[in-house]
Structure formats: structure tokens, C-alpha cells
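Containing mmCIF, C-alpha atoms: coords.cif.
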```cif
data_data
loop_
_atom_site.label_atom_id
_atom_site.label_comp_id
_atom_site.auth_asym_id
_atom_site.auth_seq_id
_atom_site.Cartn_x
_atom_site.Cartn_y
_atom_site.Cartn_z
CA MET A 34 13.49 -12.23 -21.41
CA GLN A 35 10.65 -9.84 -22.24
CA PHE A 36 7.20 -10.44 -20.83
CA SER A 37 3.99 -9.29 -22.42
CA LEU A 38 1.03 -8.16 -20.38
CA GLU A 39 -0.61 -11.53 -21.01
CA ASN A 40 2.52 -13.44 -19.94
CA ILE A 41 2.79 -11.50 -16.73
CA GLU A 42 -0.91 -12.01 -16.02
CA GLU A 43 -0.55 -15.74 -16.63
CA TYR A 44 2.49 -15.84 -14.34
CA LEU A 45 0.59 -14.03 -11.58
CA LEU A 46 -2.40 -16.36 -11.87
CA GLN A 47 -0.22 -19.40 -11.27
CA GLU A 48 0.84 -20.19 -7.74
CA LEU A 49 2.02 -16.86 -6.39
CA SER A 50 4.51 -16.82 -3.59
CA LEU A 51 7.31 -14.65 -2.33
CA GLU A 52 9.68 -17.40 -3.45
CA ALA A 53 8.29 -17.18 -7.00
CA ILE A 54 8.71 -13.41 -7.04
CA LYS A 55 12.26 -13.70 -5.71
CA SER A 56 12.94 -16.27 -8.42
CA LEU A 57 11.57 -13.89 -11.03
CA ASP A 58 13.71 -11.14 -9.55
CA LYS A 59 16.86 -13.32 -9.77
CA ASN A 60 16.18 -14.59 -13.26
CA LEU A 61 15.21 -11.33 -14.89
CA GLU A 62 16.52 -7.87 -14.82
CA ILE A 63 13.54 -6.15 -13.28
CA ASP A 64 13.09 -3.03 -15.30
CA LYS A 65 10.67 -0.23 -15.93
CA TYR A 66 8.86 -2.33 -18.55
CA ILE A 67 7.86 -5.03 -16.05
CA ILE A 68 6.86 -2.42 -13.50
CA LYS A 69 4.70 -0.72 -16.16
CA GLN A 70 3.08 -4.06 -17.06
CA LEU A 71 2.28 -4.77 -13.40
CA TRP A 72 0.83 -1.27 -13.05
CA GLN A 73 -1.39 -1.86 -16.09
CA LEU A 74 -2.70 -5.06 -14.50
CA ILE A 75 -3.43 -3.21 -11.26
CA LEU A 76 -5.44 -0.66 -13.21
CA THR A 77 -7.66 -3.35 -14.74
CA ASP A 78 -9.32 -3.71 -11.33
CA ARG A 79 -9.91 -7.43 -11.99
CA GLN A 80 -9.41 -10.05 -9.36
CA PRO A 81 -7.31 -11.89 -8.51
CA VAL A 82 -4.80 -10.51 -10.99
CA SER A 83 -5.01 -6.87 -9.82
CA TRP A 84 -4.15 -7.54 -6.20
CA ARG A 85 -1.50 -10.10 -7.21
CA ALA A 86 0.08 -7.51 -9.50
CA ALA A 87 0.05 -5.01 -6.63
CA TRP A 88 1.61 -7.60 -4.31
CA ALA A 89 4.31 -8.45 -6.85
CA LEU A 90 4.92 -4.77 -7.55
CA TYR A 91 5.50 -4.05 -3.88
CA HIS A 92 7.92 -6.94 -3.44
CA LEU A 93 9.82 -6.20 -6.65
CA THR A 94 10.20 -2.50 -5.87
CA CYS A 95 11.15 -2.69 -2.20
CA LYS A 96 14.78 -2.40 -3.24
CA ARG A 97 14.07 -0.42 -6.42
CA LYS A 98 11.59 2.19 -5.34
CA GLU A 99 12.94 4.57 -7.99
CA PHE A 100 10.95 2.54 -10.55
CA MET A 101 7.76 3.64 -8.79
CA VAL A 102 8.42 7.39 -8.85
CA PRO A 103 6.46 7.95 -12.09
CA TYR A 104 3.41 6.22 -10.56
CA ILE A 105 3.29 7.82 -7.11
CA GLN A 106 0.87 10.61 -7.98
CA GLN A 107 -1.42 8.15 -9.78
CA ILE A 108 -1.37 5.82 -6.80
CA ILE A 109 -2.41 8.64 -4.49
CA GLU A 110 -5.18 9.77 -6.86
CA LEU A 111 -6.53 6.30 -7.65
CA LEU A 112 -6.18 4.65 -4.24
CA PRO A 113 -9.73 5.51 -3.08
CA GLN A 114 -11.18 4.25 -6.37
CA PHE A 115 -9.76 0.74 -6.24
CA LYS A 116 -12.40 -1.84 -5.40
CA PHE A 117 -10.25 -4.51 -3.85
CA ASP A 118 -8.53 -4.53 -0.48
CA GLY A 119 -5.40 -6.23 -1.78
CA GLN A 120 -4.70 -3.40 -4.19
CA LYS A 121 -5.25 -0.76 -1.53
CA ARG A 122 -3.12 -2.55 1.06
CA GLU A 123 -0.19 -3.19 -1.26
CA LEU A 124 -0.23 0.30 -2.72
CA LEU A 125 -0.27 1.83 0.76
CA LYS A 126 2.82 -0.28 1.45
CA VAL A 127 4.43 1.06 -1.73
CA LEU A 128 3.77 4.62 -0.56
CA MET A 129 5.38 3.82 2.79
CA LEU A 130 8.63 2.99 0.98
CA PHE A 131 9.07 6.68 0.16
CA ASP A 132 10.22 9.65 2.17
CA LEU A 133 6.99 11.37 3.13
CA LYS A 134 8.52 14.76 2.41
CA ASP A 135 8.39 13.82 -1.27
CA LEU A 136 4.69 12.90 -1.26
CA ASP A 137 1.41 14.80 -1.27
CA THR A 138 0.78 14.13 2.41
CA GLY A 139 -2.39 16.22 2.52
CA ARG A 140 -4.09 14.04 -0.04
CA ILE A 141 -2.70 10.86 1.52
CA LEU A 142 -4.07 11.96 4.91
CA ASN A 143 -7.55 12.43 3.46
CA VAL A 144 -7.51 9.01 1.81
CA CYS A 145 -6.10 7.27 4.88
CA TYR A 146 -8.56 8.93 7.27
CA ASP A 147 -11.40 7.84 5.00
CA PHE A 148 -10.10 4.26 5.05
CA LEU A 149 -9.40 4.30 8.79
CA SER A 150 -12.84 5.64 9.64
CA ASN A 151 -14.71 3.20 7.41
CA PRO A 152 -15.57 0.04 9.36
CA ASN A 153 -16.37 -1.66 6.02
CA GLU A 154 -12.74 -1.43 4.94
CA SER A 155 -10.62 -4.48 5.59
CA LEU A 156 -8.47 -4.73 8.67
CA ALA A 157 -5.27 -4.57 6.62
CA VAL A 158 -6.33 -1.39 4.79
CA ARG A 159 -7.39 0.28 8.04
CA VAL A 160 -4.21 -0.74 9.86
CA HIS A 161 -1.91 0.41 7.05
CA SER A 162 -3.86 3.67 6.87
CA MET A 163 -3.45 4.15 10.61
CA GLN A 164 0.29 3.53 10.27
CA MET A 165 0.58 5.94 7.34
CA ILE A 166 -1.20 8.68 9.28
CA PHE A 167 1.10 8.06 12.23
CA ASN A 168 4.15 8.25 9.95
CA ILE A 169 2.94 11.59 8.60
CA SER A 170 2.27 12.81 12.13
CA GLU A 171 5.94 12.21 12.92
CA LEU A 172 6.65 15.03 10.45
CA GLU A 173 3.65 17.09 11.54
CA PRO A 174 3.19 16.47 15.28
CA GLU A 175 0.04 18.61 15.45
CA LEU A 176 -1.76 15.73 13.70
CA LYS A 177 -1.13 13.29 16.55
CA SER A 178 -4.00 14.41 18.77
CA GLU A 179 -6.51 13.96 15.92
CA LEU A 180 -5.07 10.54 15.12
CA LYS A 181 -5.22 9.52 18.76
CA SER A 182 -8.85 10.64 19.01
CA THR A 183 -9.76 8.77 15.82
CA ILE A 184 -8.08 5.59 17.02
CA LEU A 185 -9.82 5.77 20.39
CA PHE A 186 -13.17 6.44 18.72
CA HIS A 187 -12.90 3.26 16.63
CA TYR A 188 -11.05 1.14 19.17
CA GLN A 189 -13.92 -0.64 20.96
CA GLU A 190 -15.82 -1.79 17.89
CA SER A 191 -12.66 -2.90 16.07
CA SER A 192 -10.98 -6.28 15.73
CA ALA A 193 -8.09 -7.58 17.78
CA GLY A 194 -5.73 -6.88 14.87
CA PHE A 195 -6.82 -3.25 14.74
CA GLN A 196 -6.50 -2.96 18.50
CA SER A 197 -3.02 -4.47 18.44
CA ARG A 198 -1.68 -1.87 15.98
CA ALA A 199 -3.65 0.85 17.76
CA ASN A 200 -2.03 -0.09 21.07
CA LYS A 201 1.45 0.15 19.56
CA LEU A 202 0.74 3.58 18.10
CA LEU A 203 -1.09 4.83 21.19
CA LYS A 204 1.92 3.83 23.27
CA LYS A 205 4.11 5.97 21.02
CA MET A 206 1.64 8.86 21.48
CA LYS A 207 1.20 8.46 25.26
CA ASP A 208 2.20 12.08 25.91
CA ILE A 209 -0.42 13.47 23.53
CA ASP A 210 -3.58 14.86 25.09
#
```
Mind converting the file's structure to C-alpha cells?
Amino acid sequence: MQFSLENIEEYLLQELSLEAIKSLDKNLEIDKYIIKQLWQLILTDRQPVSWRAAWALYHLTCKRKEFMVPYIQQIIELLPQFKFDGQKRELLKVLMLFDLKDLDTGRILNVCYDFLSNPNESLAVRVHSMQMIFNISELEPELKSELKSTILFHYQESSAGFQSRANKLLKKMKDID
């Protein structure tokens, strides 16, 4: 079965659930065409279809991340330009599916530090950014002290959800000055 952009958009605007995406995954051969259609919907920057497309894209590519390879550089470049938290959150999750050695970690660090340091960003975007920076710091340990300082700087004025993830990461960085 071949979907058009309009069909996929209509599907996403109906009740969206993980069960529905798993059903789609079982009933169709998820291919590069569907991934491309979802990506096009993400790029429209219209809600709710853009974040739903990003959510579906993440769940459909968890086991097929190779379908996302052609889009990785675009994701990194466009991530700061997306208006909606759902898009940012889901695309950060897509990036976390990949081996960081294969990504432009310098650019990702800049984007994630901007998100992490912006109290107007949603909790989910800030927390996923914090996690991404930590993951990169596992490859480049010299980054851990800056991350620790940034987390501590934002800790007091942040939500319980932020503090929870921060505590987990700070515990892992307990030996960092």
C-alpha cells in the first residue's frame, strides 16, 4: 500500500498512539518513501501534524535507523529553527539512536547547550538536550565539567523533572570537579 503525503497527514491527525504506529508498521513495509513523507510533514512546521510526524518517525525508525541517515545533517541544521517542542524532542531522540562518532557533535553541542540554557524551552527538550550533551561527554570527558556547571547553574530554578534527570547525570559525574 502506498501512502500519499495527504494520506499520511490524515492518518496522523486521527487518534495517534503507539499501538496505531505498531499496527502501521506490521501492515506495511516501512520504506524510504514513508520516511520521506513523514520528514516532509515535519518540515511544514504545522501543528499538530509536524510533531506527530516526528513522533511517528522516531517510533518507526527505532529499529530501522538506516532510513534516517540521509536526514541526519538536515536534522542537526534545522533543529534550532523548529517552532514546536514536539518536533525538537522527537528529533533529539532520533539523533540519540546513532553512534555519536558518526554525527557532527560540535554542532549538536551548540544546539543542545542553547536548548538546555533556555528556560523558555520545554522540560522535555531541555532534558533530552542535557542527556545528549552527557552522551557526547562520554566520548569527550573534558566536556563533563562544563556540563556539570551548566546543570548546577540551572538546577534551582528548574522543575522537578529537570532536577530528576540532572540528579541522575550529576551522580554519574560525581568525580568531576
Identify, on the basis of only C-alpha atoms, every residue whose closest approach to Glu123 in chain A does not exceed 10 Å; exclude the query and any residue fewer than 4 positions from it along the same chain; express the result as a PDB file with C-alpha atoms, keeping the file's coordinate frame.
```
ATOM      1  CA  TRP A  84      -4.150  -7.540  -6.200  1.00  0.00           C
ATOM      2  CA  ARG A  85      -1.500 -10.100  -7.210  1.00  0.00           C
ATOM      3  CA  ALA A  86       0.080  -7.510  -9.500  1.00  0.00           C
ATOM      4  CA  ALA A  87       0.050  -5.010  -6.630  1.00  0.00           C
ATOM      5  CA  TRP A  88       1.610  -7.600  -4.310  1.00  0.00           C
ATOM      6  CA  ALA A  89       4.310  -8.450  -6.850  1.00  0.00           C
ATOM      7  CA  LEU A  90       4.920  -4.770  -7.550  1.00  0.00           C
ATOM      8  CA  TYR A  91       5.500  -4.050  -3.880  1.00  0.00           C
ATOM      9  CA  HIS A  92       7.920  -6.940  -3.440  1.00  0.00           C
ATOM     10  CA  ASP A 118      -8.530  -4.530  -0.480  1.00  0.00           C
ATOM     11  CA  GLY A 119      -5.400  -6.230  -1.780  1.00  0.00           C
ATOM     12  CA  VAL A 127       4.430   1.060  -1.730  1.00  0.00           C
ATOM     13  CA  LEU A 128       3.770   4.620  -0.560  1.00  0.00           C
ATOM     14  CA  MET A 129       5.380   3.820   2.790  1.00  0.00           C
ATOM     15  CA  ALA A 157      -5.270  -4.570   6.620  1.00  0.00           C
ATOM     16  CA  VAL A 158      -6.330  -1.390   4.790  1.00  0.00           C
ATOM     17  CA  HIS A 161      -1.910   0.410   7.050  1.00  0.00           C
TER      18      HIS A 161
END
```
Problem set entry | Residues in the PyMOL selection byres ((chain A and resi 102-117) around 8), expressed as a list in words | Asp78, Gln80, Trp84, Lys98, Glu99, Phe100, Met101, Asp118, Gly119, Gln120, Lys121, Leu124, Leu128, Leu136, Asp137, Arg140, Ile141 and Val144 of chain A
Problem set entry | Chain and number of each residue from the PyMOL selection byres ((chain A and resi 181) around 10), as a list in words | Met163, Phe167, Leu176, Lys177, Ser178, Glu179, Leu180, Ser182, Thr183, Ile184, Leu185, Phe186, Ala199, Leu202, Leu203, Met206, Lys207, Ile209 and Asp210 of chain A
Exercise. Using only C-alpha atoms, which residues sit within 8 Å of Ser162 in chain A once same-chain residues fewer than 6 positions away are excluded, as a ChimeraX atom specification?
Worked result: /A:125,145-146,148-149
Got time to write the residues from that selection, C-alpha atoms, as a JSON list (two decimals), in the frame of the given file?
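Okay, result.json is ready:
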```json
[["chain", "number", "residue", "atom", "x", "y", "z"],
["A", 125, "LEU", "CA", -0.27, 1.83, 0.76],
["A", 145, "CYS", "CA", -6.10, 7.27, 4.88],
["A", 146, "TYR", "CA", -8.56, 8.93, 7.27],
["A", 148, "PHE", "CA", -10.10, 4.26, 5.05],
["A", 149, "LEU", "CA", -9.40, 4.30, 8.79]]
```
Exercise. Which one of A:Asn143, A:Leu93, A:Gln73, A:Asp132 sits closest to Glu52 in chain A if you count only C-alpha atoms?
Worked result: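 For Glu52 in chain A, the nearest of the candidates is A:Leu93.
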Exercise. Of the candidates A:Asn168, A:Leu156, A:Arg122, A:Arg79, which one gets nearest to Thr138 in chain A if we count all atoms listed in the file?
Worked result: A:Asn168
As lines of an AutoDock Vina configuration file, what would the box around range 84-88 of chain A look like: edges along x, y and z, 3 Å added on every side, centre and edge lengths in Å to one decimal?
```
center_x = -1.3
center_y = -7.6
center_z = -6.9
size_x = 11.8
size_y = 11.1
size_z = 11.2
```
Exercise. What does the distance between CA of Asn153 in chain A and CA of Ile169 in chain A come to in Å, to one decimal place?
Worked result: 23.6 Å
Problem set entry | For Ile67 in chain A, the nearest of the candidates A:Gln189, A:Thr94, A:Asn200, A:Gln164, counting all atoms listed in the file | A:Thr94
May I ask you to restore N, CA, C and O atoms in range 164-179 of chain A and write the result as a PDB file, in the frame of the given file?
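Written out: result_15.pdb:
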```pdb
ATOM      1  N   GLN A 164      -1.169   3.422  10.224  1.00  0.00           N
ATOM      2  CA  GLN A 164       0.290   3.530  10.270  1.00  0.00           C
ATOM      3  C   GLN A 164       0.772   4.690   9.406  1.00  0.00           C
ATOM      4  O   GLN A 164       1.669   5.435   9.802  1.00  0.00           O
ATOM      5  N   MET A 165       0.182   4.848   8.220  1.00  0.00           N
ATOM      6  CA  MET A 165       0.580   5.940   7.340  1.00  0.00           C
ATOM      7  C   MET A 165       0.287   7.291   7.984  1.00  0.00           C
ATOM      8  O   MET A 165       1.123   8.203   7.946  1.00  0.00           O
ATOM      9  N   ILE A 166      -0.873   7.420   8.605  1.00  0.00           N
ATOM     10  CA  ILE A 166      -1.200   8.680   9.280  1.00  0.00           C
ATOM     11  C   ILE A 166      -0.208   8.933  10.402  1.00  0.00           C
ATOM     12  O   ILE A 166       0.281  10.059  10.579  1.00  0.00           O
ATOM     13  N   PHE A 167       0.107   7.895  11.159  1.00  0.00           N
ATOM     14  CA  PHE A 167       1.100   8.060  12.230  1.00  0.00           C
ATOM     15  C   PHE A 167       2.442   8.507  11.651  1.00  0.00           C
ATOM     16  O   PHE A 167       3.079   9.418  12.184  1.00  0.00           O
ATOM     17  N   ASN A 168       2.872   7.878  10.572  1.00  0.00           N
ATOM     18  CA  ASN A 168       4.150   8.250   9.950  1.00  0.00           C
ATOM     19  C   ASN A 168       4.148   9.728   9.538  1.00  0.00           C
ATOM     20  O   ASN A 168       5.136  10.437   9.738  1.00  0.00           O
ATOM     21  N   ILE A 169       3.047  10.182   8.978  1.00  0.00           N
ATOM     22  CA  ILE A 169       2.940  11.590   8.600  1.00  0.00           C
ATOM     23  C   ILE A 169       2.942  12.476   9.835  1.00  0.00           C
ATOM     24  O   ILE A 169       3.560  13.544   9.845  1.00  0.00           O
ATOM     25  N   SER A 170       2.309  12.010  10.898  1.00  0.00           N
ATOM     26  CA  SER A 170       2.270  12.810  12.130  1.00  0.00           C
ATOM     27  C   SER A 170       3.655  12.946  12.772  1.00  0.00           C
ATOM     28  O   SER A 170       3.877  13.861  13.566  1.00  0.00           O
ATOM     29  N   GLU A 171       4.562  12.063  12.433  1.00  0.00           N
ATOM     30  CA  GLU A 171       5.940  12.210  12.920  1.00  0.00           C
ATOM     31  C   GLU A 171       6.580  13.452  12.307  1.00  0.00           C
ATOM     32  O   GLU A 171       7.429  14.076  12.925  1.00  0.00           O
ATOM     33  N   LEU A 172       6.171  13.803  11.098  1.00  0.00           N
ATOM     34  CA  LEU A 172       6.650  15.030  10.450  1.00  0.00           C
ATOM     35  C   LEU A 172       5.838  16.246  10.876  1.00  0.00           C
ATOM     36  O   LEU A 172       6.358  17.360  10.897  1.00  0.00           O
ATOM     37  N   GLU A 173       4.564  16.011  11.163  1.00  0.00           N
ATOM     38  CA  GLU A 173       3.650  17.090  11.540  1.00  0.00           C
ATOM     39  C   GLU A 173       2.976  16.720  12.855  1.00  0.00           C
ATOM     40  O   GLU A 173       1.838  16.231  12.867  1.00  0.00           O
ATOM     41  N   PRO A 174       3.670  16.943  13.977  1.00  0.00           N
ATOM     42  CA  PRO A 174       3.190  16.470  15.280  1.00  0.00           C
ATOM     43  C   PRO A 174       1.801  16.979  15.682  1.00  0.00           C
ATOM     44  O   PRO A 174       1.123  16.339  16.485  1.00  0.00           O
ATOM     45  N   GLU A 175       1.371  18.088  15.112  1.00  0.00           N
ATOM     46  CA  GLU A 175       0.040  18.610  15.450  1.00  0.00           C
ATOM     47  C   GLU A 175      -1.069  17.655  15.020  1.00  0.00           C
ATOM     48  O   GLU A 175      -2.210  17.767  15.474  1.00  0.00           O
ATOM     49  N   LEU A 176      -0.767  16.708  14.162  1.00  0.00           N
ATOM     50  CA  LEU A 176      -1.760  15.730  13.700  1.00  0.00           C
ATOM     51  C   LEU A 176      -1.972  14.587  14.701  1.00  0.00           C
ATOM     52  O   LEU A 176      -2.942  13.852  14.606  1.00  0.00           O
ATOM     53  N   LYS A 177      -1.068  14.446  15.648  1.00  0.00           N
ATOM     54  CA  LYS A 177      -1.130  13.290  16.550  1.00  0.00           C
ATOM     55  C   LYS A 177      -2.374  13.276  17.428  1.00  0.00           C
ATOM     56  O   LYS A 177      -2.936  12.205  17.657  1.00  0.00           O
ATOM     57  N   SER A 178      -2.814  14.417  17.902  1.00  0.00           N
ATOM     58  CA  SER A 178      -4.000  14.410  18.770  1.00  0.00           C
ATOM     59  C   SER A 178      -5.241  13.979  18.002  1.00  0.00           C
ATOM     60  O   SER A 178      -6.078  13.238  18.525  1.00  0.00           O
ATOM     61  N   GLU A 179      -5.366  14.395  16.746  1.00  0.00           N
ATOM     62  CA  GLU A 179      -6.510  13.960  15.920  1.00  0.00           C
ATOM     63  C   GLU A 179      -6.431  12.459  15.653  1.00  0.00           C
ATOM     64  O   GLU A 179      -7.435  11.751  15.732  1.00  0.00           O
TER      65      GLU A 179
END
```
